[in-house]
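Shown next: entry.pdb, given as PDB, C-alpha atoms.
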ATOM      1  CA  MET A   1     -53.186 -37.540 -75.546
ATOM      2  CA  VAL A   2     -54.750 -34.275 -74.384
ATOM      3  CA  HIS A   3     -57.417 -32.794 -76.647
ATOM      4  CA  THR A   4     -57.599 -29.002 -76.702
ATOM      5  CA  CYS A   5     -59.560 -28.444 -79.898
ATOM      6  CA  GLY A   6     -62.272 -26.422 -78.202
ATOM      7  CA  LEU A   7     -59.733 -23.981 -76.751
ATOM      8  CA  VAL A   8     -57.861 -23.208 -79.943
ATOM      9  CA  GLN A   9     -57.943 -19.650 -81.208
ATOM     10  CA  LYS A  10     -57.457 -18.521 -84.784
ATOM     11  CA  ILE A  11     -53.870 -17.597 -85.576
ATOM     12  CA  PHE A  12     -54.164 -16.660 -89.237
ATOM     13  CA  PRO A  13     -56.645 -14.221 -90.774
ATOM     14  CA  PRO A  14     -59.008 -15.547 -93.432
ATOM     15  CA  PHE A  15     -57.809 -15.483 -97.016
ATOM     16  CA  GLN A  16     -58.360 -12.068 -98.583
ATOM     17  CA  LYS A  17     -57.629 -10.582-101.971
ATOM     18  CA  SER A  18     -54.572  -8.364-102.177
ATOM     19  CA  GLU A  19     -54.735  -4.691-101.381
ATOM     20  CA  ASN A  20     -52.847  -1.900-103.093
ATOM     21  CA  LYS A  21     -49.945  -2.048-100.647
ATOM     22  CA  GLU A  22     -49.366  -5.718-101.501
ATOM     23  CA  GLU A  23     -49.545  -4.922-105.195
ATOM     24  CA  ARG A  24     -46.921  -2.212-104.685
ATOM     25  CA  LYS A  25     -44.739  -4.756-102.907
ATOM     26  CA  ASP A  26     -45.010  -7.073-105.933
ATOM     27  CA  LEU A  27     -44.013  -4.247-108.286
ATOM     28  CA  GLU A  28     -41.017  -3.361-106.123
ATOM     29  CA  LEU A  29     -39.913  -7.005-106.118
ATOM     30  CA  ALA A  30     -40.267  -7.247-109.897
ATOM     31  CA  SER A  31     -38.228  -4.060-110.267
ATOM     32  CA  GLN A  32     -35.426  -5.467-108.120
ATOM     33  CA  MET A  33     -35.326  -8.651-110.194
ATOM     34  CA  LYS A  34     -35.300  -6.668-113.437
ATOM     35  CA  MET A  35     -32.309  -4.667-112.171
ATOM     36  CA  GLY A  36     -30.444  -7.922-111.514
ATOM     37  CA  LYS A  37     -30.509  -7.623-107.753
ATOM     38  CA  THR A  38     -30.409 -10.816-105.699
ATOM     39  CA  VAL A  39     -33.782 -11.428-104.089
ATOM     40  CA  HIS A  40     -33.816 -13.429-100.860
ATOM     41  CA  TYR A  41     -37.121 -15.086-100.099
ATOM     42  CA  LYS A  42     -38.356 -16.563 -96.893
ATOM     43  CA  LYS A  43     -38.396 -20.348 -97.176
ATOM     44  CA  VAL A  44     -41.228 -22.758 -97.829
ATOM     45  CA  ILE A  45     -40.794 -25.694 -95.443
ATOM     46  CA  SER A  46     -42.108 -29.170 -96.250
ATOM     47  CA  ALA A  47     -42.971 -31.448 -93.306
ATOM     48  CA  SER A  48     -42.719 -33.974 -94.749
ATOM     49  CA  ARG A  49     -42.813 -36.121 -97.862
ATOM     50  CA  ARG A  50     -40.669 -38.695 -96.042
ATOM     51  CA  VAL A  51     -42.728 -39.412 -92.933
ATOM     52  CA  ASP A  52     -45.799 -38.106 -91.117
ATOM     53  CA  LEU A  53     -44.020 -35.802 -88.673
ATOM     54  CA  VAL A  54     -47.187 -34.320 -87.194
ATOM     55  CA  ALA A  55     -48.645 -37.719 -86.322
ATOM     56  CA  PHE A  56     -45.524 -39.466 -85.014
ATOM     57  CA  TYR A  57     -42.600 -37.061 -84.493
ATOM     58  CA  PRO A  58     -43.977 -33.726 -83.240
ATOM     59  CA  GLU A  59     -41.010 -33.073 -80.916
ATOM     60  CA  PHE A  60     -38.545 -33.566 -83.764
ATOM     61  CA  MET A  61     -40.669 -31.293 -85.941
ATOM     62  CA  VAL A  62     -40.600 -28.504 -83.354
ATOM     63  CA  GLU A  63     -36.830 -28.847 -83.020
ATOM     64  CA  ARG A  64     -36.306 -28.575 -86.779
ATOM     65  CA  LEU A  65     -38.605 -25.555 -87.073
ATOM     66  CA  GLU A  66     -36.681 -23.812 -84.308
ATOM     67  CA  GLN A  67     -33.428 -24.569 -86.111
ATOM     68  CA  MET A  68     -34.793 -23.062 -89.325
ATOM     69  CA  GLY A  69     -35.906 -19.928 -87.471
ATOM     70  CA  MET A  70     -39.603 -19.124 -87.405
ATOM     71  CA  GLU A  71     -38.940 -15.655 -88.806
ATOM     72  CA  ASN A  72     -37.328 -17.213 -91.905
ATOM     73  CA  ILE A  73     -40.340 -19.357 -92.828
ATOM     74  CA  HIS A  74     -42.805 -18.145 -95.450
ATOM     75  CA  THR A  75     -45.118 -21.170 -95.261
ATOM     76  CA  LEU A  76     -45.016 -24.491 -93.478
ATOM     77  CA  VAL A  77     -46.528 -27.167 -95.725
ATOM     78  CA  ILE A  78     -47.711 -30.117 -93.636
ATOM     79  CA  TRP A  79     -48.180 -33.560 -95.231
ATOM     80  CA  THR A  80     -50.228 -35.795 -92.942
ATOM     81  CA  LYS A  81     -52.898 -38.457 -92.602
ATOM     82  CA  ASP A  82     -53.724 -37.342 -89.074
ATOM     83  CA  PRO A  83     -53.457 -33.622 -88.181
ATOM     84  CA  GLU A  84     -54.651 -34.041 -84.581
ATOM     85  CA  ASN A  85     -51.286 -33.203 -82.981
ATOM     86  CA  MET A  86     -51.380 -29.749 -84.561
ATOM     87  CA  LEU A  87     -53.750 -28.950 -81.701
ATOM     88  CA  ALA A  88     -53.329 -31.769 -79.187
ATOM     89  CA  HIS A  89     -49.538 -31.597 -78.786
ATOM     90  CA  PRO A  90     -48.802 -28.489 -76.666
ATOM     91  CA  GLU A  91     -45.250 -27.779 -77.895
ATOM     92  CA  LEU A  92     -46.157 -28.273 -81.538
ATOM     93  CA  ARG A  93     -49.298 -26.171 -81.235
ATOM     94  CA  GLU A  94     -47.381 -23.267 -79.711
ATOM     95  CA  ALA A  95     -44.658 -23.506 -82.362
ATOM     96  CA  LEU A  96     -47.243 -23.438 -85.141
ATOM     97  CA  ARG A  97     -48.844 -20.327 -83.637
ATOM     98  CA  ARG A  98     -45.634 -18.417 -84.360
ATOM     99  CA  LEU A  99     -45.672 -19.072 -88.103
ATOM    100  CA  SER A 100     -47.009 -16.685 -90.741
ATOM    101  CA  GLN A 101     -48.826 -19.378 -92.707
ATOM    102  CA  ILE A 102     -49.563 -23.100 -92.604
ATOM    103  CA  TYR A 103     -50.790 -25.062 -95.610
ATOM    104  CA  VAL A 104     -52.019 -28.609 -94.979
ATOM    105  CA  LEU A 105     -51.888 -31.443 -97.509
ATOM    106  CA  LEU A 106     -54.198 -33.963 -95.860
ATOM    107  CA  THR A 107     -54.284 -37.474 -97.290
ATOM    108  CA  ILE A 108     -57.693 -39.155 -97.198
ATOM    109  CA  THR A 109     -57.793 -42.179 -99.489
ATOM    110  CA  GLY A 110     -60.953 -43.721 -98.069
ATOM    111  CA  LEU A 111     -58.875 -46.797 -97.184
ATOM    112  CA  GLY A 112     -57.916 -46.024 -93.577
ATOM    113  CA  GLY A 113     -58.282 -49.130 -91.407
ATOM    114  CA  THR A 114     -58.198 -51.564 -94.332
ATOM    115  CA  ALA A 115     -55.448 -54.094 -95.052
ATOM    116  CA  LEU A 116     -53.730 -51.418 -97.160
ATOM    117  CA  GLU A 117     -53.695 -48.804 -94.377
ATOM    118  CA  PRO A 118     -54.100 -50.880 -91.196
ATOM    119  CA  GLN A 119     -53.173 -48.147 -88.704
ATOM    120  CA  ALA A 120     -54.336 -45.040 -90.572
ATOM    121  CA  PRO A 121     -57.401 -43.178 -89.281
ATOM    122  CA  THR A 122     -60.695 -43.860 -90.986
ATOM    123  CA  THR A 123     -62.377 -41.264 -93.162
ATOM    124  CA  GLU A 124     -64.969 -40.629 -90.463
ATOM    125  CA  GLU A 125     -62.317 -40.058 -87.792
ATOM    126  CA  ILE A 126     -60.464 -37.520 -89.905
ATOM    127  CA  PHE A 127     -63.507 -35.484 -90.907
ATOM    128  CA  ARG A 128     -64.515 -35.209 -87.243
ATOM    129  CA  LYS A 129     -61.150 -33.586 -86.521
ATOM    130  CA  LEU A 130     -61.150 -31.109 -89.391
ATOM    131  CA  PRO A 131     -63.311 -28.144 -88.262
ATOM    132  CA  PRO A 132     -60.941 -26.989 -85.464
ATOM    133  CA  ILE A 133     -57.920 -27.630 -87.706
ATOM    134  CA  ILE A 134     -59.401 -25.374 -90.381
ATOM    135  CA  ASP A 135     -60.168 -22.750 -87.747
ATOM    136  CA  PHE A 136     -56.568 -22.940 -86.522
ATOM    137  CA  ILE A 137     -55.001 -22.340 -89.945
ATOM    138  CA  GLY A 138     -57.414 -19.529 -90.715
ATOM    139  CA  SER A 139     -59.210 -20.708 -93.846
ATOM    140  CA  PRO A 140     -60.292 -23.935 -95.590
ATOM    141  CA  VAL A 141     -58.446 -22.793 -98.722
ATOM    142  CA  ARG A 142     -55.220 -23.454 -96.808
ATOM    143  CA  LEU A 143     -56.049 -27.167 -96.754
ATOM    144  CA  ALA A 144     -56.107 -29.567 -99.706
ATOM    145  CA  ILE A 145     -57.299 -33.173 -99.715
ATOM    146  CA  ARG A 146     -54.943 -35.714-101.247
ATOM    147  CA  TYR A 147     -57.010 -38.621-102.580
ATOM    148  CA  ASP A 148     -53.696 -40.272-103.238
ATOM    149  CA  PRO A 149     -52.789 -42.821-104.360
ATOM    150  CA  LEU A 150     -55.444 -44.341-106.542
ATOM    151  CA  ILE A 151     -54.890 -48.052-105.944
ATOM    152  CA  ASP A 152     -56.617 -51.359-106.605
ATOM    153  CA  VAL A 153     -55.571 -54.662-104.980
ATOM    154  CA  ILE A 154     -56.920 -58.172-104.495
ATOM    155  CA  TYR A 155     -56.688 -59.364-100.884
ATOM    156  CA  GLN A 156     -56.000 -63.075-100.272
ATOM    157  CA  ASN A 157     -57.226 -63.836-103.818
ATOM    158  CA  GLN A 158     -60.767 -62.891-102.828
ATOM    159  CA  ALA A 159     -61.823 -59.396-101.808
ATOM    160  CA  GLU A 160     -60.977 -56.299-103.802
ATOM    161  CA  ILE A 161     -59.700 -53.262-101.912
ATOM    162  CA  SER A 162     -59.834 -50.161-104.087
ATOM    163  CA  ASN A 163     -60.434 -46.431-104.054
ATOM    164  CA  ILE A 164     -60.795 -46.284-107.842
ATOM    165  CA  ASP A 165     -64.429 -45.936-106.936
ATOM    166  CA  ILE A 166     -66.454 -42.901-107.984
ATOM    167  CA  ASN A 167     -68.964 -43.326-105.155
ATOM    168  CA  LEU A 168     -66.218 -43.357-102.516
ATOM    169  CA  PHE A 169     -64.598 -40.328-104.141
ATOM    170  CA  GLN A 170     -67.947 -38.510-104.257
ATOM    171  CA  GLU A 171     -68.463 -39.048-100.523
ATOM    172  CA  ILE A 172     -65.066 -37.580 -99.639
ATOM    173  CA  LEU A 173     -65.517 -34.780-102.161
ATOM    174  CA  SER A 174     -68.914 -33.769-100.787
ATOM    175  CA  ARG A 175     -67.748 -33.781 -97.182
ATOM    176  CA  SER A 176     -64.710 -31.697 -98.118
ATOM    177  CA  GLN A 177     -66.811 -29.178-100.023
ATOM    178  CA  SER A 178     -69.174 -28.788 -97.068
ATOM    179  CA  LEU A 179     -66.198 -27.574 -95.003
ATOM    180  CA  GLY A 180     -65.187 -25.000 -97.616
ATOM    181  CA  ILE A 181     -62.236 -26.995 -98.970
ATOM    182  CA  ARG A 182     -61.655 -26.155-102.628
ATOM    183  CA  ARG A 183     -58.763 -28.327-103.785
ATOM    184  CA  VAL A 184     -58.386 -32.092-104.203
ATOM    185  CA  ILE A 185     -55.212 -33.784-105.481
ATOM    186  CA  VAL A 186     -55.084 -37.257-107.035
ATOM    187  CA  SER A 187     -52.373 -39.531-108.381
ATOM    188  CA  TYR A 188     -51.898 -43.158-109.339
ATOM    189  CA  VAL A 189     -49.857 -45.522-107.207
ATOM    190  CA  THR A 190     -46.218 -46.138-108.090
ATOM    191  CA  ILE A 191     -45.270 -49.747-107.355
ATOM    192  CA  TYR A 192     -41.615 -49.861-106.376
ATOM    193  CA  PRO A 193     -40.014 -53.341-106.049
ATOM    194  CA  LYS A 194     -40.013 -53.169-102.228
ATOM    195  CA  VAL A 195     -43.696 -52.199-102.308
ATOM    196  CA  GLU A 196     -44.566 -55.151-104.537
ATOM    197  CA  ARG A 197     -42.707 -57.513-102.185
ATOM    198  CA  ARG A 198     -44.461 -56.056 -99.148
ATOM    199  CA  LEU A 199     -47.886 -56.424-100.734
ATOM    200  CA  LYS A 200     -47.176 -60.032-101.704
ATOM    201  CA  GLN A 201     -45.958 -60.895 -98.200
ATOM    202  CA  ASN A 202     -49.279 -59.669 -96.838
ATOM    203  CA  GLY A 203     -51.458 -61.577 -99.277
ATOM    204  CA  LEU A 204     -52.153 -58.615-101.552
ATOM    205  CA  ARG A 205     -51.882 -58.551-105.330
ATOM    206  CA  ILE A 206     -51.851 -55.270-107.210
ATOM    207  CA  VAL A 207     -54.302 -54.813-110.078
ATOM    208  CA  ASP A 208     -52.163 -53.042-112.651
ATOM    209  CA  HIS A 209     -54.335 -50.594-114.585
ATOM    210  CA  GLN A 210     -53.049 -48.979-117.754
ATOM    211  CA  ILE A 211     -52.266 -45.296-117.280
ATOM    212  CA  GLU A 212     -54.725 -44.474-120.081
ATOM    213  CA  GLU A 213     -57.486 -46.132-118.050
ATOM    214  CA  ILE A 214     -56.588 -44.097-114.966
ATOM    215  CA  THR A 215     -56.401 -40.888-116.985
ATOM    216  CA  ASP A 216     -59.838 -41.596-118.431
ATOM    217  CA  PHE A 217     -61.265 -42.243-114.950
ATOM    218  CA  ILE A 218     -59.873 -38.943-113.686
ATOM    219  CA  LYS A 219     -60.917 -36.835-116.696
ATOM    220  CA  ASN A 220     -64.357 -38.288-117.348
ATOM    221  CA  LYS A 221     -65.541 -39.280-113.873
ATOM    222  CA  MET A 222     -63.595 -37.466-111.154
ATOM    223  CA  MET A 223     -63.192 -34.052-112.774
ATOM    224  CA  PRO A 224     -66.877 -33.517-113.667
ATOM    225  CA  ARG A 225     -67.927 -34.360-110.092
ATOM    226  CA  THR A 226     -65.342 -31.941-108.716
ATOM    227  CA  GLU A 227     -66.288 -29.108-111.067
ATOM    228  CA  LYS A 228     -69.972 -29.565-110.267
ATOM    229  CA  LEU A 229     -69.196 -28.749-106.624
ATOM    230  CA  GLY A 230     -67.135 -25.696-107.574
ATOM    231  CA  MET A 231     -63.875 -27.347-106.564
ATOM    232  CA  GLU A 232     -60.531 -27.883-108.282
ATOM    233  CA  LEU A 233     -59.107 -31.319-109.072
ATOM    234  CA  CYS A 234     -55.329 -31.364-109.447
ATOM    235  CA  THR A 235     -53.162 -34.319-110.368
ATOM    236  CA  CYS A 236     -49.725 -35.260-109.070
ATOM    237  CA  VAL A 237     -47.040 -36.561-111.445
ATOM    238  CA  LEU A 238     -49.414 -37.588-114.237
ATOM    239  CA  PRO A 239     -47.735 -36.330-117.441
ATOM    240  CA  ASP A 240     -50.846 -35.548-119.496
ATOM    241  CA  LEU A 241     -52.835 -33.942-116.684
ATOM    242  CA  THR A 242     -50.557 -32.296-114.110
ATOM    243  CA  THR A 243     -50.233 -28.528-114.475
ATOM    244  CA  ARG A 244     -49.061 -27.405-111.027
ATOM    245  CA  GLY A 245     -47.484 -28.949-107.986
ATOM    246  CA  CYS A 246     -48.842 -29.955-104.616
ATOM    247  CA  ILE A 247     -46.502 -27.255-103.296
ATOM    248  CA  ASP A 248     -47.188 -24.270-105.532
ATOM    249  CA  GLY A 249     -45.321 -21.053-104.801
ATOM    250  CA  GLU A 250     -47.779 -18.807-106.627
ATOM    251  CA  SER A 251     -50.725 -20.171-104.639
ATOM    252  CA  LEU A 252     -48.844 -19.815-101.356
ATOM    253  CA  ILE A 253     -48.152 -16.159-102.152
ATOM    254  CA  GLN A 254     -51.822 -15.506-102.894
ATOM    255  CA  LEU A 255     -52.894 -17.224 -99.660
ATOM    256  CA  HIS A 256     -50.290 -15.559 -97.445
ATOM    257  CA  PRO A 257     -51.803 -13.032 -94.985
ATOM    258  CA  LEU A 258     -49.319 -10.364 -96.155
ATOM    259  CA  ARG A 259     -48.904 -11.731 -99.682
ATOM    260  CA  GLU A 260     -45.195 -12.091 -99.059
ATOM    261  CA  PRO A 261     -43.253 -13.482-102.030
ATOM    262  CA  CYS A 262     -41.610 -16.898-102.049
ATOM    263  CA  SER A 263     -39.793 -18.926-104.678
ATOM    264  CA  LYS A 264     -41.801 -20.025-107.711
ATOM    265  CA  ALA A 265     -38.879 -21.961-109.200
ATOM    266  CA  LYS A 266     -39.294 -25.673-109.933
ATOM    267  CA  ASP A 267     -37.988 -28.035-107.262
ATOM    268  CA  LYS A 268     -35.401 -29.980-109.251
ATOM    269  CA  SER A 269     -34.867 -32.494-106.437
ATOM    270  CA  GLN A 270     -38.282 -34.073-107.112
ATOM    271  CA  ARG A 271     -39.349 -36.574-109.786
ATOM    272  CA  GLU A 272     -39.165 -35.578-113.439
ATOM    273  CA  ASN A 273     -42.887 -34.923-113.877
ATOM    274  CA  CYS A 274     -43.326 -33.215-110.504
ATOM    275  CA  HIS A 275     -44.405 -29.569-110.766
ATOM    276  CA  CYS A 276     -43.741 -28.628-107.140
ATOM    277  CA  THR A 277     -41.879 -25.402-106.471
ATOM    278  CA  LYS A 278     -38.867 -25.149-104.184
ATOM    279  CA  SER A 279     -39.141 -26.096-100.545
ATOM    280  CA  ILE A 280     -36.913 -27.470 -97.799
ATOM    281  CA  ASP A 281     -38.017 -30.836 -96.440
ATOM    282  CA  ILE A 282     -37.243 -31.159 -92.733
ATOM    283  CA  GLY A 283     -38.202 -34.837 -92.439
ATOM    284  CA  GLN A 284     -36.046 -37.941 -92.358
ATOM    285  CA  TRP A 285     -36.751 -41.539 -93.350
ATOM    286  CA  PHE A 286     -38.097 -42.447 -89.936
ATOM    287  CA  ALA A 287     -40.451 -45.361 -89.355
ATOM    288  CA  CYS A 288     -44.069 -44.471 -90.096
ATOM    289  CA  TYR A 289     -46.722 -46.194 -88.009
ATOM    290  CA  HIS A 290     -49.689 -45.739 -90.321
ATOM    291  CA  ASN A 291     -48.242 -48.919 -91.914
ATOM    292  CA  CYS A 292     -49.565 -48.194 -95.398
ATOM    293  CA  LEU A 293     -48.383 -51.156 -97.432
ATOM    294  CA  TYR A 294     -48.019 -49.185-100.688
ATOM    295  CA  CYS A 295     -45.738 -46.569 -99.072
ATOM    296  CA  TYR A 296     -42.375 -45.725-100.652
ATOM    297  CA  GLY A 297     -41.104 -44.725 -97.187
ATOM    298  CA  ASN A 298     -40.576 -46.883 -94.113
ATOM    299  CA  PRO A 299     -43.801 -48.329 -92.703
ATOM    300  CA  THR A 300     -42.939 -50.297 -89.569
ATOM    301  CA  GLN A 301     -44.863 -52.974 -87.761
ATOM    302  CA  ARG A 302     -45.750 -52.304 -84.141
ATOM    303  CA  GLN A 303     -45.750 -55.253 -81.777
ATOM    304  CA  GLY A 304     -49.040 -57.091 -82.046
ATOM    305  CA  ASP A 305     -49.972 -55.699 -85.455
ATOM    306  CA  ARG A 306     -51.569 -58.148 -87.808
ATOM    307  CA  PHE A 307     -49.730 -57.172 -90.959
ATOM    308  CA  ASN A 308     -46.134 -57.759 -91.920
ATOM    309  CA  THR A 309     -44.582 -54.590 -93.327
ATOM    310  CA  GLU A 310     -40.962 -55.587 -93.614
TER     311      GLU A 310
END

Would you kindly transcribe this structure into structure tokens?
Amino acid sequence: MVHTCGLVQKIFPPFQKSENKEERKDLELASQMKMGKTVHYKKVISASRRVDLVAFYPEFMVERLEQMGMENIHTLVIWTKDPENMLAHPELREALRRLSQIYVLLTITGLGGTALEPQAPTTEEIFRKLPPIIDFIGSPVRLAIRYDPLIDVIYQNQAEISNIDINLFQEILSRSQSLGIRRVIVSYVTIYPKVERRLKQNGLRIVDHQIEEITDFIKNKMMPRTEKLGMELCTCVLPDLTTRGCIDGESLIQLHPLREPCSKAKDKSQRENCHCTKSIDIGQWFACYHNCLYCYGNPTQRQGDRFNTE
């Protein structure tokens, strides 16, 4: 893989507050809606909830973006555990340069390289890669850290593997804040039957915490630490805590270089308690080689890997 981080130029201007011309644009849009006119927005593209396209399928991702039409895309929202190919893959890098805005949802659980995430990058590896990624997308406010999922397992009836750990969270929080990142998203693991079987096959037993216990941990331990650093802690699909989605149309408008409007309607294709706004997901249920054993997608064992993920 060719590394070109040092050669990357900024493609998006830093986040700025709106100017009068953008405010006038908002008023014109509101007037059109009030008059009953159909308003056609550019699309928010999700890449992808289903698989880490950036890490493992960059060519497919470029093809799908071309099919959508770069000029029709308001924001590309990237979900990834390893953003390196945004810069290192030449075709993907050049495609991304043509977009108006990129927003990155970067998952760092603190468990990369453990039995739960055997092929995922470690926390240290990811933070080393972040400065040029942030430079590429124009501002650290266009990147959020997903400390997701919160999970606690017993490995081979002995060692505990868990990120329900305030010290681990504090480390990731502090390193994120030092880069100018303002938003962290957390959620609690959902154990689907296939996930439970996969964990058991690999000698892992889930520690099932009551949702009230998790809510208390988030509200009374995680949130105060986040607020102290001047950051925002959001939750994903937690009924008593979640107020906005990981993909949030209003935020994407505010962050957009031209403050172009996009849909702020709820994405009804997501889970009941999901607050995400509308987007088009360009991923498919391809095999994912991070091999995270708790994944609801399709982790797949590479030849020679230690862990069974079937």

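The point (-60.7, -43.1, -87.3) has these residues within 12 Å of it when all atoms listed in the file are used: Lys81, Asp82, Pro83, Glu84, Ile108, Gly110, Leu111, Gly112, Gly113, Thr114, Glu117, Pro118, Gln119, Ala120, Pro121, Thr122, Thr123, Glu124, Glu125, Ile126, Phe127, Arg128, Lys129 and His290 of chain A.
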
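Closest to A:Thr107 among A:Cys288, A:Leu143, A:Leu241, A:Ile134 is A:Leu143, based on only C-alpha atoms.
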
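Shortest atom-to-atom contact with A:Thr226 among A:Gln177, A:Thr109, A:Gln284, A:Asn163: A:Gln177, counting all atoms listed in the file.
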
Report task. Spell out the residues picked by the PyMOL selection byres ((chain A and resi 94) around 12) here, as a PyMOL selection string. Result -> chain A and resi 8-9+11+58-59+62+65-66+70+85-93+95-99+136

Filtering to C-alpha atoms, could you give me those residues as an mmCIF file, in the frame of the given file?
data_model
loop_
_atom_site.group_PDB
_atom_site.id
_atom_site.type_symbol
_atom_site.label_atom_id
_atom_site.label_comp_id
_atom_site.auth_asym_id
_atom_site.auth_seq_id
_atom_site.Cartn_x
_atom_site.Cartn_y
_atom_site.Cartn_z
ATOM 1 C CA VAL A 8 -57.861 -23.208 -79.943
ATOM 2 C CA GLN A 9 -57.943 -19.650 -81.208
ATOM 3 C CA ILE A 11 -53.870 -17.597 -85.576
ATOM 4 C CA PRO A 58 -43.977 -33.726 -83.240
ATOM 5 C CA GLU A 59 -41.010 -33.073 -80.916
ATOM 6 C CA VAL A 62 -40.600 -28.504 -83.354
ATOM 7 C CA LEU A 65 -38.605 -25.555 -87.073
ATOM 8 C CA GLU A 66 -36.681 -23.812 -84.308
ATOM 9 C CA MET A 70 -39.603 -19.124 -87.405
ATOM 10 C CA ASN A 85 -51.286 -33.203 -82.981
ATOM 11 C CA MET A 86 -51.380 -29.749 -84.561
ATOM 12 C CA LEU A 87 -53.750 -28.950 -81.701
ATOM 13 C CA ALA A 88 -53.329 -31.769 -79.187
ATOM 14 C CA HIS A 89 -49.538 -31.597 -78.786
ATOM 15 C CA PRO A 90 -48.802 -28.489 -76.666
ATOM 16 C CA GLU A 91 -45.250 -27.779 -77.895
ATOM 17 C CA LEU A 92 -46.157 -28.273 -81.538
ATOM 18 C CA ARG A 93 -49.298 -26.171 -81.235
ATOM 19 C CA ALA A 95 -44.658 -23.506 -82.362
ATOM 20 C CA LEU A 96 -47.243 -23.438 -85.141
ATOM 21 C CA ARG A 97 -48.844 -20.327 -83.637
ATOM 22 C CA ARG A 98 -45.634 -18.417 -84.360
ATOM 23 C CA LEU A 99 -45.672 -19.072 -88.103
ATOM 24 C CA PHE A 136 -56.568 -22.940 -86.522
#

Requested in this report: Apply the PyMOL selection byres ((chain A and resi 225) around 12) to the file shown and report the selected residues as a PyMOL selection string.
Outcome: chain A and resi 166-174+177+184+217-224+226-233

Report task. Find the residue from A:Ile164, A:Arg271, A:Trp79, A:Pro131 that sits nearest to A:Leu106; use all atoms listed in the file when measuring. Result -> A:Trp79

Query raised in the report: Which residue out of A:His256, A:Lys264, A:His40, A:Arg142 has the minimum interatomic distance to A:Gly180 when all atoms listed in the file are used?
Result: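 Among the listed residues, A:Arg142 lies closest to A:Gly180.
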
**Report entry** Nearest-residue call for A:Cys274, choices A:Asp165, A:Asp248, A:Glu212, A:Asp52, using all atoms listed in the file
**Finding:** A:Asp248

Query raised in the report: What is the atom CA of A:Glu71-atom CA of A:Asp281 distance in Å, reported with one decimal?
Result: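 Calculated distance between atom CA of A:Glu71 and atom CA of A:Asp281 is 17.0 Å.
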
Report task. Have a look at atom CA of A:Arg182 and atom CA of A:Tyr147 and let me know their distance in Å, one decimal. Result ->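 Result for atom CA of A:Arg182 versus atom CA of A:Tyr147: 13.3 Å, one decimal.
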
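The nearest approach to A:Ser251 among the residues A:Leu238, A:Leu130, A:Val44, A:Leu150, with all atoms listed in the file taken into account, belongs to A:Val44.
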
Report task. Between atom CA of A:Arg50 and atom CA of A:Gln270, measure the distance and give it in Å to one decimal. Result ->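 So the answer is 12.2 Å.
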
Distance table requested - stretch 143-211 of chain A against stretch 293-300 of chain A, cut-off 9 Å, all atoms listed in the file: one row per qualifying residue with the closest atom pair and its distance in Å to one decimal, ordered by chain and rising residue number, as a Markdown table.
| residue | atom | partner | partner_atom | distance |
| --- | --- | --- | --- | --- |
| A:Pro149 | CA | A:Tyr294 | CA | 8.8 |
| A:Ile151 | CA | A:Tyr294 | CA | 8.7 |
| A:Val189 | CA | A:Tyr294 | CA | 7.7 |
| A:Thr190 | CA | A:Tyr294 | CA | 8.2 |
| A:Ile191 | CA | A:Tyr294 | CA | 7.2 |
| A:Tyr192 | CA | A:Tyr296 | CA | 7.1 |
| A:Lys194 | CA | A:Tyr296 | CA | 8.0 |
| A:Val195 | CA | A:Tyr294 | CA | 5.5 |
| A:Glu196 | CA | A:Tyr294 | CA | 7.9 |
| A:Arg198 | CA | A:Leu293 | CA | 6.5 |
| A:Leu199 | CA | A:Leu293 | CA | 6.2 |
| A:Asn202 | CA | A:Leu293 | CA | 8.6 |
